[in-house]
Amino acid sequence: MTAGPMMDPARFLDEQLAQASPDLLRELMSMFVNALMSAEADAVCGAAYGTSSPERVNARNGYRHRDFDTRLGTIDAAIPKLRSGSYFPDWLLERRRRAERALTTVVATAYLLGVSTRRMEKLVETLGITRLSKSQVSEMAKDLDAQVEAFRTRRLDAGPYTFVAADALVMKVREDGRVANVHAMLAVGVNADGHREILGLQTSSAEDGAGWLGFFRDLTARGLTGVRLVTSDAHAGLVAAIGVTLPGASWQRCRTHYAANLMALTPKTSWPWVKTLLHSVYDQPDADSVHAQFDRLLDAVEQKLPKVAAHLDAARADVLAFTTFPKEVWRQVWSNNPQERLNREIRRRTDVVGIFPDRDSLIRLVGAVLAEQDDEWTEGRRYLGLDLLGRCRLIAMAGGAETNGTAPEVNSDLTMQALTA
């Protein structure tokens, strides 16, 4: 099914030829692309635009405009909007255009700064760039930097954020004539609507208490509230910052990271059966069974491996913090594994660059990737159902009441380290 033409093509062509317009081809391309999208949207709706039909299943609701770069120049693509659902021309545009543009800008910036010239020339060719001027790179960077900065500093007004996961990725950046490791700290939360949301991104020279403390203080200043559980690895500065900035929130030690820590302490010959018993703890049907199985694990290793038993006993409260909440959310909160998909996507983009020319370029690329992922999560299905999320909040508040409203214990030495670092 096709849509009626917005104008007479023959008349339009005659007018353009008479004027000898240098933009004729671009105008024709724009009209052709918009006509194709309009026809496809009409096919989705089941009827042509502006007509009544018993076969109609949807209706048009205006347009959203998007720039489309072509060899003829940039044209305005008017993407039809639907009253129910959404329409996107995957055959024409890329959903990840913002991140791809960020990647282009970073590579071009590195190329212009003379970083790994031979490699950058090959990367530029693979991206389809034949010529880039400094002014073009500057304009691209300026636009992207504004978008990423707005995303990173926005108000966190979709709370309460019941569950939060924090992690850091190490990347190489050229600073003061040398290559240094820079930590990109990021946090993901589950908002009041049950969707996952990127909460923040910052860089730090070291993953220490001061860096994490500044990171979480920025989150709380922008509106992070209602946090009941934070999942992360056992980095001392991170744990201390959670205790300082999020009073009342419990800390869940990532079970995957903890297993790696425990393996380093366990004799190699004993690790297979210790690992099996540890995994059996998480396979239990309810909280009481989890704690009972953990007791059996302690009994099994106490005589043969006293150091392992001591390590397990000390980490018990942190590793089993997830048991406070309904079993339906255990897999989502007992480790940082749900965030690994996001980390892999970031790595896929940043590995193309290798060494960033500066921190601004790192923020530009990673921030653009995170902004696009946040858009996808917002438009996608809920991460947690609203009923389940409501039960989690009630259970968390009831647990606080049972403990006389006291916040979970946090190592005071670690807290002082974060405050004084």
# chains A, B, ... in the order shown; residues from 1 in each chain; ligands from 1
>>> residues_around(residues="Ile363 (chain A)", least_positions_apart="6", cutoff="12 Å", atoms="only C-alpha atoms", output="mmCIF file with C-alpha atoms, in the first residue's frame")
data_model
loop_
_atom_site.group_PDB
_atom_site.id
_atom_site.type_symbol
_atom_site.label_atom_id
_atom_site.label_comp_id
_atom_site.auth_asym_id
_atom_site.auth_seq_id
_atom_site.Cartn_x
_atom_site.Cartn_y
_atom_site.Cartn_z
ATOM 1 C CA ALA A 99 27.766 6.242 19.479
ATOM 2 C CA ALA A 102 31.295 9.467 18.869
ATOM 3 C CA LEU A 103 33.616 6.704 17.707
ATOM 4 C CA THR A 105 35.081 11.750 16.425
ATOM 5 C CA VAL A 106 37.427 10.007 18.853
ATOM 6 C CA ALA A 141 32.957 16.974 19.120
ATOM 7 C CA LEU A 144 28.483 15.339 21.076
ATOM 8 C CA ASP A 145 30.120 16.802 24.155
ATOM 9 C CA ALA A 146 27.005 18.872 24.853
ATOM 10 C CA GLN A 147 24.754 15.814 24.547
ATOM 11 C CA VAL A 148 26.955 13.621 26.728
ATOM 12 C CA GLU A 149 27.396 16.347 29.357
ATOM 13 C CA PHE A 151 23.146 13.138 29.999
ATOM 14 C CA ARG A 152 25.830 12.844 32.689
ATOM 15 C CA MET A 171 41.170 2.184 30.049
ATOM 16 C CA VAL A 173 44.673 7.369 28.143
ATOM 17 C CA VAL A 182 42.229 5.712 33.911
ATOM 18 C CA HIS A 183 39.254 4.226 35.763
ATOM 19 C CA ALA A 184 35.820 4.864 34.265
ATOM 20 C CA MET A 185 33.374 4.558 37.183
ATOM 21 C CA LEU A 186 29.732 3.932 36.340
ATOM 22 C CA GLY A 200 26.402 8.278 36.210
ATOM 23 C CA LEU A 201 29.837 8.159 34.641
ATOM 24 C CA GLN A 202 33.063 9.693 35.946
ATOM 25 C CA THR A 203 36.778 9.136 35.447
ATOM 26 C CA SER A 204 39.435 8.831 38.138
ATOM 27 C CA ILE A 346 31.632 -0.494 26.055
ATOM 28 C CA THR A 350 36.696 1.382 23.142
ATOM 29 C CA PHE A 356 42.532 7.495 24.052
ATOM 30 C CA PRO A 357 44.234 10.810 23.251
ATOM 31 C CA VAL A 369 27.388 4.436 24.370
ATOM 32 C CA LEU A 370 25.770 4.714 27.802
ATOM 33 C CA ALA A 371 23.253 7.325 26.620
#
>>> select_by_dssp(residues="region 344-397 of chain A", states="helix (DSSP H, G or I)", output="mmCIF file with C-alpha atoms, in the first residue's frame")
data_model
loop_
_atom_site.group_PDB
_atom_site.id
_atom_site.type_symbol
_atom_site.label_atom_id
_atom_site.label_comp_id
_atom_site.auth_asym_id
_atom_site.auth_seq_id
_atom_site.Cartn_x
_atom_site.Cartn_y
_atom_site.Cartn_z
ATOM 1 C CA ARG A 344 31.151 -5.821 26.814
ATOM 2 C CA GLU A 345 29.438 -3.245 24.626
ATOM 3 C CA ILE A 346 31.632 -0.494 26.055
ATOM 4 C CA ARG A 347 34.740 -2.617 25.497
ATOM 5 C CA ARG A 348 33.691 -3.389 21.931
ATOM 6 C CA ARG A 349 33.647 0.325 21.137
ATOM 7 C CA THR A 350 36.696 1.382 23.142
ATOM 8 C CA ASP A 351 38.923 -1.461 21.909
ATOM 9 C CA VAL A 352 38.736 0.088 18.445
ATOM 10 C CA VAL A 353 40.511 3.171 19.794
ATOM 11 C CA ARG A 359 40.025 11.999 29.013
ATOM 12 C CA ASP A 360 37.515 14.134 27.113
ATOM 13 C CA SER A 361 37.558 11.669 24.224
ATOM 14 C CA LEU A 362 37.048 8.775 26.661
ATOM 15 C CA ILE A 363 34.043 10.506 28.240
ATOM 16 C CA ARG A 364 32.706 11.358 24.772
ATOM 17 C CA LEU A 365 32.702 7.778 23.494
ATOM 18 C CA VAL A 366 31.720 5.919 26.676
ATOM 19 C CA GLY A 367 29.100 8.559 27.512
ATOM 20 C CA ALA A 368 27.522 8.234 24.070
ATOM 21 C CA VAL A 369 27.388 4.436 24.370
ATOM 22 C CA LEU A 370 25.770 4.714 27.802
ATOM 23 C CA ALA A 371 23.253 7.325 26.620
ATOM 24 C CA GLU A 372 22.120 5.055 23.799
ATOM 25 C CA GLN A 373 21.878 2.032 26.091
ATOM 26 C CA ASP A 374 19.793 4.113 28.492
ATOM 27 C CA ASP A 375 17.424 4.993 25.628
ATOM 28 C CA GLU A 376 17.068 1.311 24.716
ATOM 29 C CA TRP A 377 16.300 0.330 28.307
ATOM 30 C CA THR A 378 13.693 3.096 28.585
ATOM 31 C CA GLU A 379 11.893 1.898 25.450
ATOM 32 C CA LEU A 386 6.075 -3.056 39.527
ATOM 33 C CA ASP A 387 4.422 -5.494 41.960
ATOM 34 C CA LEU A 388 7.724 -7.252 42.647
ATOM 35 C CA LEU A 389 9.519 -3.928 43.022
ATOM 36 C CA GLY A 390 6.900 -2.764 45.501
ATOM 37 C CA ARG A 391 7.345 -5.941 47.552
ATOM 38 C CA CYS A 392 11.109 -5.384 47.616
ATOM 39 C CA ARG A 393 10.670 -1.868 49.017
ATOM 40 C CA LEU A 394 8.216 -3.038 51.679
ATOM 41 C CA ILE A 395 10.490 -5.909 52.727
ATOM 42 C CA ALA A 396 13.479 -3.562 52.911
ATOM 43 C CA MET A 397 11.563 -1.078 55.067
#
>>> residues_around(residues="region 41-44 of chain A", least_positions_apart="5", cutoff="10 Å", atoms="only C-alpha atoms", output="list in words")
Met1, Thr2, Ala3, Ala35, Leu36, Tyr49, Gly50, Arg56, Val57, Asn58, Ala59, Arg60, Ile79, Pro80, Lys81, Leu82, Ser86, Tyr87, Phe88 and Pro89 of chain A
>>> residues_around(residues="Met263 (chain A)", least_positions_apart="3", cutoff="12 Å", atoms="only C-alpha atoms", output="ChimeraX atom specification")
/A:256-260,266-276,278,307-308,311-312
>>> residues_around(residues="Leu199 (chain A)", least_positions_apart="6", cutoff="12 Å", atoms="only C-alpha atoms", output="JSON, numbers by chain")
{"A": [151, 152, 153, 154, 155, 156, 157, 158, 159, 161, 163, 164, 165, 166, 167, 185, 186, 187, 188, 189, 190, 191, 215, 216, 218, 219, 220, 221, 222, 223, 224, 225, 367, 370, 371, 373, 374]}
>>> atom_distance(atom1="CA of Asp288 (chain A)", atom2="CA of Glu328 (chain A)")
15.3 Å
>>> atom_distance(atom1="CA of Thr51 (chain A)", atom2="CA of Leu93 (chain A)")
27.9 Å
>>> atom_distance(atom1="CA of Ser205 (chain A)", atom2="CA of Ala240 (chain A)")
18.1 Å
>>> residues_around(residues="Ala292 (chain A)", least_positions_apart="4", cutoff="12 Å", atoms="only C-alpha atoms", output="list of chain:residue names")
A:Ser280, A:Val281, A:Tyr282, A:Asp283, A:Gln284, A:Pro285, A:Asp286, A:Ala287, A:Asp288, A:Arg296, A:Leu297, A:Leu298, A:Asp299, A:Arg316, A:Leu320
>>> select_by_dssp(residues="region 122-284 of chain A", states="strand (DSSP E)", output="PyMOL selection string")
chain A and resi 163-175+178-190+196-204+229-232+250-253
